[in-house]
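For reference, model.txt is printed below; it contains compact mmCIF, C-alpha atoms.
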# COMPACT_ATOMS: atom_id res chain seq x y z
CA MET H 158 -62.88 148.31 -36.50
CA ILE H 159 -62.32 147.76 -32.81
CA PHE H 160 -64.66 144.79 -32.93
CA ALA H 161 -62.71 143.24 -35.84
CA LEU H 162 -59.42 143.66 -34.01
CA THR H 163 -60.77 142.07 -30.85
CA ALA H 164 -62.25 139.21 -32.80
CA ASN H 165 -58.94 138.60 -34.58
CA LYS H 166 -57.07 138.58 -31.26
CA ASN H 167 -59.53 136.11 -29.78
CA PHE H 168 -59.29 133.92 -32.84
CA ALA H 169 -55.50 133.99 -32.68
CA LEU H 170 -55.62 133.10 -29.00
CA LEU H 171 -57.91 130.17 -29.73
CA LEU H 172 -55.56 128.95 -32.43
CA PHE H 173 -52.61 129.24 -30.06
CA LEU H 174 -54.37 127.31 -27.28
CA ALA H 175 -55.55 124.66 -29.70
CA GLY H 176 -52.01 124.26 -31.00
CA MET H 177 -50.61 123.93 -27.47
CA LEU H 178 -53.23 121.33 -26.59
CA PHE H 179 -52.60 119.36 -29.77
CA CYS H 180 -48.85 119.43 -29.26
CA SER H 181 -48.99 118.39 -25.61
CA HIS H 182 -51.24 115.42 -26.28
CA SER H 183 -50.21 114.24 -29.74
CA TYR H 184 -46.75 115.73 -30.41
CA GLY H 185 -48.26 117.70 -33.29
CA GLN H 186 -45.07 119.75 -33.86
CA CYS H 187 -42.77 116.76 -33.96
CA PRO H 188 -40.20 115.83 -35.07
CA GLY H 189 -39.35 119.41 -34.04
CA PRO H 190 -36.32 121.61 -34.86
CA ASP H 191 -33.25 120.03 -36.39
CA PRO H 192 -30.82 118.81 -33.71
CA CYS H 193 -27.19 119.76 -33.56
CA PRO H 194 -25.18 118.71 -36.60
CA PRO H 195 -23.21 115.50 -36.21
CA GLY H 196 -19.54 115.73 -35.30
CA SER H 197 -16.79 114.43 -37.54
CA PHE H 198 -16.29 110.69 -37.93
CA ASP H 199 -14.37 108.22 -40.08
CA PRO H 200 -16.18 104.96 -40.98
CA GLU H 201 -13.19 103.21 -42.55
CA TYR H 202 -12.98 100.50 -39.85
CA GLU H 203 -16.67 99.82 -39.20
CA GLN H 204 -20.01 101.47 -39.86
CA ILE H 205 -23.68 101.27 -38.98
CA ASP H 206 -25.78 99.06 -41.22
CA PRO H 207 -28.28 101.58 -42.64
CA SER H 208 -30.86 98.88 -43.34
CA SER H 209 -31.13 98.15 -39.60
CA ILE H 210 -32.40 101.65 -38.80
CA ALA H 211 -34.52 102.32 -41.87
CA GLY H 212 -38.24 102.55 -41.11
CA ALA H 213 -37.75 102.23 -37.35
CA VAL H 214 -41.12 101.76 -35.64
CA PHE H 215 -42.05 101.67 -31.96
CA CYS H 216 -45.34 101.42 -30.08
CA SER H 217 -46.78 103.99 -27.70
CA GLY H 218 -45.76 103.52 -24.08
CA GLN H 219 -44.06 100.18 -24.74
CA THR H 220 -40.50 98.95 -24.33
CA ARG H 221 -39.09 97.15 -27.34
CA THR H 222 -35.70 95.83 -28.40
CA PHE H 223 -34.21 97.85 -31.26
CA THR H 224 -31.39 96.03 -33.04
CA ILE H 225 -28.74 98.07 -34.87
CA GLY H 226 -26.25 96.27 -37.08
CA VAL H 227 -22.50 96.97 -37.25
CA GLY H 228 -20.86 96.05 -40.55
CA PRO H 229 -17.49 96.39 -42.28
CA GLY H 230 -16.22 99.93 -42.84
CA THR H 231 -15.08 101.47 -46.06
CA THR H 232 -11.66 99.79 -45.77
CA ASP H 233 -12.92 96.76 -43.79
CA GLU H 234 -10.19 96.99 -41.14
CA ALA H 235 -12.15 96.02 -38.02
CA GLU H 236 -10.84 92.89 -36.33
CA SER H 237 -12.72 90.00 -34.76
CA GLY H 238 -12.97 90.58 -31.03
CA ASP H 239 -13.21 94.37 -31.29
CA GLU H 240 -15.87 95.77 -28.96
CA GLU H 241 -18.18 98.10 -30.84
CA TYR H 242 -20.36 100.57 -28.91
CA ILE H 243 -23.56 102.08 -30.27
CA THR H 244 -25.39 104.89 -28.51
CA LEU H 245 -28.87 105.80 -29.70
CA PHE H 246 -30.05 109.36 -29.05
CA ILE H 247 -33.70 110.40 -29.51
CA ASP H 248 -35.45 113.77 -29.24
CA PHE H 249 -38.68 112.56 -27.63
CA ASP H 250 -39.90 116.01 -26.56
CA CYS H 251 -39.34 117.52 -30.02
CA ASP H 252 -37.30 120.53 -28.87
CA GLY H 253 -34.23 119.89 -31.03
CA ILE H 254 -32.22 118.38 -28.15
CA PHE H 255 -31.40 114.69 -27.79
CA GLU H 256 -32.48 114.12 -24.18
CA TYR H 257 -33.05 110.33 -24.43
CA SER H 258 -30.17 107.90 -24.89
CA VAL H 259 -29.44 104.21 -24.57
CA SER H 260 -26.16 102.41 -25.22
CA ASP H 261 -24.74 98.91 -25.51
CA SER H 262 -22.04 97.01 -27.33
CA CYS H 263 -21.32 93.92 -29.37
CA ILE H 264 -18.20 91.95 -30.25
CA TYR H 265 -17.22 92.29 -33.89
CA GLN H 266 -16.77 89.10 -35.90
CA ARG H 267 -15.32 89.14 -39.38
CA PRO H 268 -16.57 89.18 -42.06
CA ASN H 269 -20.19 90.03 -41.13
CA GLY H 270 -19.74 92.25 -38.08
CA CYS H 271 -22.21 92.14 -35.15
CA SER H 272 -25.43 93.70 -33.87
CA VAL H 273 -26.37 95.66 -30.76
CA ASP H 274 -29.71 95.14 -29.00
CA LEU H 275 -31.00 98.32 -27.39
CA SER H 276 -33.99 98.45 -25.06
CA VAL H 277 -36.04 101.53 -25.99
CA THR H 278 -39.12 102.78 -24.13
CA ALA H 279 -41.34 104.88 -26.39
CA PRO H 280 -43.38 107.82 -25.10
CA THR H 281 -47.15 107.69 -24.95
CA VAL H 282 -48.83 109.19 -28.01
CA THR H 283 -52.42 109.41 -29.19
CA VAL H 284 -51.62 109.53 -32.91
CA PRO H 285 -48.70 108.13 -34.95
CA THR H 286 -45.78 110.49 -34.30
CA THR H 287 -42.30 110.90 -35.82
CA PHE H 288 -39.21 111.75 -33.78
CA ASN H 289 -35.62 112.62 -34.69
CA ALA H 290 -32.94 110.07 -33.75
CA ARG H 291 -29.19 109.68 -34.06
CA ALA H 292 -27.15 106.46 -33.85
CA MET H 293 -23.46 106.81 -33.04
CA LEU H 294 -20.90 103.99 -33.35
CA ARG H 295 -17.44 103.98 -31.82
CA TYR H 296 -14.83 101.35 -31.16
CA PHE H 297 -13.86 100.56 -27.56
CA ASP H 298 -15.98 102.95 -25.47
CA PRO H 299 -19.52 104.43 -25.52
CA ILE H 300 -20.49 107.92 -26.66
CA THR H 301 -22.12 110.38 -24.27
CA ASP H 302 -22.20 113.56 -26.38
CA PRO H 303 -24.65 113.40 -29.30
CA CYS H 304 -22.99 116.45 -30.85
CA GLY H 305 -19.36 115.42 -30.39
CA GLU H 306 -16.71 113.95 -32.65
CA ILE H 307 -15.95 110.24 -32.62
CA PHE H 308 -13.18 109.91 -35.23
CA ASP H 309 -13.12 106.16 -35.97
CA GLY H 310 -16.78 105.16 -36.15
CA ASP H 311 -20.02 106.22 -37.74
CA ILE H 312 -22.99 108.55 -37.21
CA GLU H 313 -26.42 108.10 -38.77
CA ASP H 314 -29.33 110.50 -38.43
CA PHE H 315 -32.78 109.08 -39.03
CA THR H 316 -36.35 109.23 -37.78
CA ILE H 317 -38.45 106.79 -35.78
CA THR H 318 -42.21 106.49 -35.75
CA VAL H 319 -44.20 105.76 -32.61
CA ASN H 320 -47.54 104.16 -33.41
CA VAL H 321 -50.67 103.70 -31.32
CA PRO H 322 -51.17 100.04 -30.23
CA PRO H 323 -54.53 98.27 -29.96
CA ASP H 324 -56.57 98.25 -26.77
CA PRO H 325 -57.85 94.67 -26.59
CA VAL H 326 -60.92 93.58 -24.64
CA LEU H 327 -61.27 89.94 -23.55
CA THR H 328 -64.51 88.37 -22.32
CA SER H 329 -65.59 84.83 -21.46
CA SER H 330 -68.83 83.01 -22.13
CA ASP H 331 -69.25 82.47 -18.38
CA ALA H 332 -70.57 85.61 -16.74
CA ASP H 333 -68.74 85.24 -13.41
CA ASN H 334 -65.73 83.30 -14.78
CA THR H 335 -66.61 80.37 -12.53
CA ILE H 336 -67.03 76.97 -14.13
CA CYS H 337 -67.08 73.32 -13.16
CA ASP H 338 -64.18 71.02 -13.87
CA GLY H 339 -64.35 69.93 -17.51
CA ASP H 340 -66.86 72.58 -18.58
CA SER H 341 -66.30 74.25 -21.94
CA VAL H 342 -65.79 78.01 -22.00
CA THR H 343 -65.23 80.37 -24.93
CA PHE H 344 -63.11 83.53 -24.77
CA THR H 345 -63.78 86.34 -27.24
CA ALA H 346 -61.33 89.14 -28.08
CA SER H 347 -61.87 92.48 -29.80
CA GLY H 348 -59.86 95.60 -30.54
CA GLY H 349 -57.24 94.28 -32.98
CA ASP H 350 -56.71 92.72 -36.40
CA GLU H 351 -55.12 89.44 -35.23
CA TYR H 352 -55.06 87.65 -31.88
CA GLU H 353 -52.94 85.17 -29.93
CA PHE H 354 -54.40 83.51 -26.82
CA PHE H 355 -52.42 82.53 -23.73
CA VAL H 356 -53.08 80.49 -20.58
CA ASN H 357 -50.72 81.31 -17.72
CA GLY H 358 -48.39 83.01 -20.20
CA THR H 359 -48.14 80.01 -22.55
CA SER H 360 -49.52 80.36 -26.05
CA VAL H 361 -52.51 78.06 -26.61
CA GLN H 362 -53.73 79.45 -29.94
CA PRO H 363 -51.26 81.02 -32.39
CA LEU H 364 -51.62 84.45 -33.90
CA SER H 365 -54.43 84.56 -36.44
CA THR H 366 -57.54 86.49 -37.39
CA ALA H 367 -59.64 84.13 -35.20
CA ASN H 368 -60.87 86.14 -32.24
CA THR H 369 -62.29 83.26 -30.16
CA TYR H 370 -60.69 80.48 -28.14
CA THR H 371 -62.66 77.57 -26.69
CA THR H 372 -61.36 75.11 -24.11
CA SER H 373 -62.58 72.58 -21.56
CA GLY H 374 -59.21 71.98 -19.95
CA LEU H 375 -58.82 74.88 -17.57
CA LEU H 376 -57.72 74.40 -13.97
CA ASP H 377 -58.65 76.45 -10.94
CA GLY H 378 -56.74 79.74 -10.92
CA ASP H 379 -55.72 79.63 -14.58
CA SER H 380 -55.19 83.08 -16.10
CA VAL H 381 -56.28 83.67 -19.70
CA THR H 382 -55.02 86.60 -21.79
CA VAL H 383 -55.00 87.63 -25.43
CA THR H 384 -52.47 89.67 -27.36
CA ALA H 385 -54.06 91.83 -30.05
CA LEU H 386 -52.04 92.99 -33.07
CA TYR H 387 -52.56 95.86 -35.49
CA THR H 388 -51.24 94.45 -38.75
CA SER H 389 -51.02 97.96 -40.22
CA ASN H 390 -48.38 99.23 -37.78
CA GLY H 391 -47.02 96.10 -36.08
CA CYS H 392 -48.05 97.15 -32.57
CA ASP H 393 -49.57 94.65 -30.18
CA THR H 394 -50.92 94.79 -26.64
CA GLU H 395 -51.76 92.17 -24.04
CA SER H 396 -55.23 92.28 -22.53
CA THR H 397 -56.19 92.39 -18.89
CA PRO H 398 -56.13 88.75 -17.67
CA ILE H 399 -59.23 86.77 -16.79
CA ALA H 400 -58.69 84.58 -13.72
CA MET H 401 -60.87 81.48 -13.84
CA THR H 402 -62.38 79.67 -10.89
CA VAL H 403 -62.80 75.98 -11.66
CA LEU H 404 -64.91 74.02 -9.18
CA ASP H 405 -64.29 70.35 -8.47
CA PRO H 406 -65.74 69.90 -4.96
CA VAL H 407 -65.09 66.81 -2.85
CA PHE H 408 -65.85 65.86 0.73
CA THR H 409 -62.78 66.54 2.82
CA THR H 410 -64.35 65.50 6.12
CA GLN H 411 -66.97 62.75 6.43
CA PRO H 412 -69.64 62.51 9.17
CA VAL H 413 -68.71 60.15 11.99
CA ASP H 414 -70.83 57.81 14.07
CA ARG H 415 -72.37 59.29 17.21
CA THR H 416 -73.57 57.73 20.47
CA SER H 417 -75.90 59.76 22.64
CA PHE H 418 -78.37 59.53 25.51
CA ALA H 419 -82.01 60.11 24.76
CA GLY H 420 -82.92 63.78 25.01
CA ASP H 421 -79.51 65.10 23.95
CA ASN H 422 -78.80 67.04 20.78
CA VAL H 423 -76.46 65.33 18.31
CA VAL H 424 -74.47 67.07 15.56
CA PHE H 425 -73.21 65.45 12.34
CA SER H 426 -70.74 67.53 10.27
CA VAL H 427 -69.04 67.47 6.89
CA THR H 428 -66.58 69.76 5.10
CA THR H 429 -65.97 70.17 1.39
CA SER H 430 -63.23 71.64 -0.77
CA GLU H 431 -65.59 74.20 -2.33
CA VAL H 432 -68.65 76.19 -1.32
CA VAL H 433 -71.59 73.95 -2.19
CA THR H 434 -75.25 73.36 -1.38
CA TYR H 435 -76.08 70.66 1.18
CA GLN H 436 -79.07 68.44 1.74
CA TRP H 437 -79.05 65.99 4.67
CA GLN H 438 -80.80 62.64 4.40
CA VAL H 439 -81.83 59.90 6.82
CA SER H 440 -82.13 56.15 6.48
CA ARG H 441 -84.48 54.27 8.83
CA ASP H 442 -83.85 50.83 7.34
CA GLY H 443 -80.17 50.33 8.01
CA GLY H 444 -78.92 52.25 4.97
CA THR H 445 -81.03 50.64 2.23
CA THR H 446 -82.94 53.80 1.37
CA PHE H 447 -82.42 57.47 2.22
CA THR H 448 -84.92 60.34 2.23
CA ASP H 449 -84.43 64.09 2.49
CA ILE H 450 -85.03 65.76 5.84
CA PHE H 451 -85.86 69.40 6.50
CA ASP H 452 -85.66 71.83 9.39
CA SER H 453 -88.32 71.09 12.01
CA THR H 454 -88.61 70.39 15.72
CA GLU H 455 -86.60 67.19 15.04
CA TYR H 456 -83.85 68.65 12.88
CA SER H 457 -82.00 71.91 12.24
CA GLY H 458 -79.23 72.77 9.77
CA THR H 459 -80.55 70.29 7.18
CA GLY H 460 -79.26 72.58 4.38
CA THR H 461 -75.87 73.30 5.92
CA ALA H 462 -72.64 71.46 6.62
CA ASN H 463 -73.76 70.78 10.21
CA LEU H 464 -76.90 68.77 10.93
CA THR H 465 -78.35 68.86 14.43
CA VAL H 466 -80.68 66.07 15.56
CA ASN H 467 -82.68 67.70 18.33
CA SER H 468 -83.55 65.88 21.55
CA VAL H 469 -82.92 62.41 20.14
CA ASP H 470 -85.11 59.59 21.38
CA VAL H 471 -84.47 55.87 21.35
CA ASP H 472 -86.69 55.50 18.25
CA LYS H 473 -83.80 56.95 16.23
CA ASP H 474 -81.37 54.30 17.46
CA ASN H 475 -79.45 52.91 14.45
CA TYR H 476 -80.64 55.68 12.12
CA ARG H 477 -78.11 56.64 9.49
CA TYR H 478 -77.42 60.19 8.29
CA ARG H 479 -75.57 61.41 5.24
CA ALA H 480 -75.10 64.69 3.35
CA LEU H 481 -75.92 65.20 -0.31
CA MET H 482 -73.64 67.79 -1.93
CA THR H 483 -74.84 69.68 -4.99
CA SER H 484 -72.57 71.93 -6.99
CA CYS H 485 -70.99 70.91 -10.28
CA ALA H 486 -72.35 67.40 -9.71
CA PHE H 487 -74.17 65.38 -7.06
CA ASP H 488 -72.11 63.53 -4.50
CA THR H 489 -72.99 61.92 -1.20
CA SER H 490 -70.98 61.59 1.94
CA ALA H 491 -70.50 58.44 3.93
CA ALA H 492 -73.41 57.49 6.20
CA ALA H 493 -72.93 57.95 9.93
CA ILE H 494 -74.79 55.80 12.47
CA LEU H 495 -76.67 57.28 15.39
CA THR H 496 -76.73 55.11 18.51
CA VAL H 497 -79.20 56.22 21.23
CA ARG H 498 -79.03 55.01 24.84
CA PRO H 499 -81.95 55.47 27.29
CA ARG H 500 -81.39 57.90 30.09
CA THR H 501 -84.36 56.92 32.42
CA VAL H 502 -83.22 55.30 35.72
CA VAL H 503 -84.85 54.36 39.05
CA THR H 504 -82.71 54.49 42.15
CA ASN H 505 -83.62 52.49 45.30
CA ARG H 506 -81.18 53.17 48.08
CA ARG H 507 -77.77 52.25 46.72
CA VAL H 508 -78.94 50.18 43.74
CA THR H 509 -79.54 51.77 40.35
CA TYR H 510 -81.86 50.14 37.83
CA ARG H 511 -82.06 51.13 34.15
CA VAL H 512 -85.48 50.99 32.57
CA ILE H 513 -85.32 49.71 29.00
CA LYS H 514 -88.01 51.06 26.74
CA ASN H 515 -89.87 48.35 24.82

As structure tokens - that is how I would like this structure written.
Amino acid sequence: MIFALTANKNFALLLFLAGMLFCSHSYGQCPGPDPCPPGSFDPEYEQIDPSSIAGAVFCSGQTRTFTIGVGPGTTDEAESGDEEYITLFIDFDCDGIFEYSVSDSCIYQRPNGCSVDLSVTAPTVTVPTTFNARAMLRYFDPITDPCGEIFDGDIEDFTITVNVPPDPVLTSSDADNTICDGDSVTFTASGGDEYEFFVNGTSVQPLSTANTYTTSGLLDGDSVTVTALYTSNGCDTESTPIAMTVLDPVFTTQPVDRTSFAGDNVVFSVTTSEVVTYQWQVSRDGGTTFTDIFDSTEYSGTGTANLTVNSVDVDKDNYRYRALMTSCAFDTSAAAILTVRPRTVVTNRRVTYRVIKN
């Protein structure tokens, strides 16, 4: 008997804790207790359009515009130019108290009335959840008390549903999101029913069931996103952007001609707009043909932006050097000429003679 009682208490405790956990994470007890009854009102001048609040749906954690219509009252006495205020109250914590409110106004125009756009931020939910709401309409000034009287105006109690939006994932066919200018790349989305693709915030493929987008027109730094939609509940979410690096390297600095004495080191340099691979070449026939050179006692830096010709001798006089750039495509720099002057001299008293090597 004692064992049964203890077991029942433990079971009850588990149920209580499970209920608290469910409520805190998914609003399981919503919409909650009934809120205060509405105060008195008289809708003879103007009234809320009930069709504008029927089936109100929002998306978890998102801010949306909720439009509530104001139409003619029972006696249709509202005048054009009247300022109509609507305050929307919502019980988002499901305790029977309207703690959330937002208000705005519109200018009434006969015979159709006007509409008020309210910016509503929904709470975060893990399952579709219903909440109690109250819309209050009054001529001339806004309402601050959800339980008060408003006399000339209207009050409508209704419920709103907050749905769970998709969680889209966007990937590209290029593993590191780095491509060459003009290359084709395909973006693939998942996590929704329909998708709309954007480049830098501009739609490039309209909403459809197609979950891929292929382009060859991206520029460096372009940002690609996709908005995924759940057709069942109308919620959509934008993906994390993919920032693309588009390479189109060019030589920004060309090698220049150098004049040096025999035995000196000479450096030829280039710069490019992108990080590329270099290969230096030499021409020994005045620029007709070029051959690759590699690091040795004669040369260093043959695979970098700076080539050093070590201890030049007069045999290299009139040699030409250029850099071959490899990245998205091959490109060659201008050829720079090396001029070598002999350094050997013989001095006899005050007369200096230069010895020219044959």

One number please: atom CA of H:Ala367 to atom CA of H:Thr397, in Å, one decimal.
18.6 Å

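Between atom CA of H:Thr402 and atom CA of H:Val381 lies a distance of 11.4 Å.
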
H:Ile494 environment, 9 Å, all atoms listed in the file, sequence neighbours closer than 3 positions dropped, as a PyMOL selection string
chain H and resi 413-416+443+474-478

Distance atom CA of H:Phe451-atom CA of H:Cys337, one decimal place?
27.5 Å

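Nearest to H:Thr220 of all the residues H:Thr459, H:Ser365, H:Thr394, H:Ser330 is H:Thr394, based on only C-alpha atoms.
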
Neighbour list for H:Val427 as a list in words, cut-off 10 Å, only C-alpha atoms, skip fewer than 3 positions in-chain
Phe408, Thr409, Thr410, Gln411, Pro412, Val413, Tyr435, Thr461, Ala462, Asn463, Leu464, Arg479, Ala480, Met482, Ser490 and Ala491 of chain H

Which is closest to H:Thr316 among H:Ala290, H:Glu431, H:Thr335, H:Asn422, if we use all atoms listed in the file?
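Under the stated criterion, the closest residue is H:Ala290.
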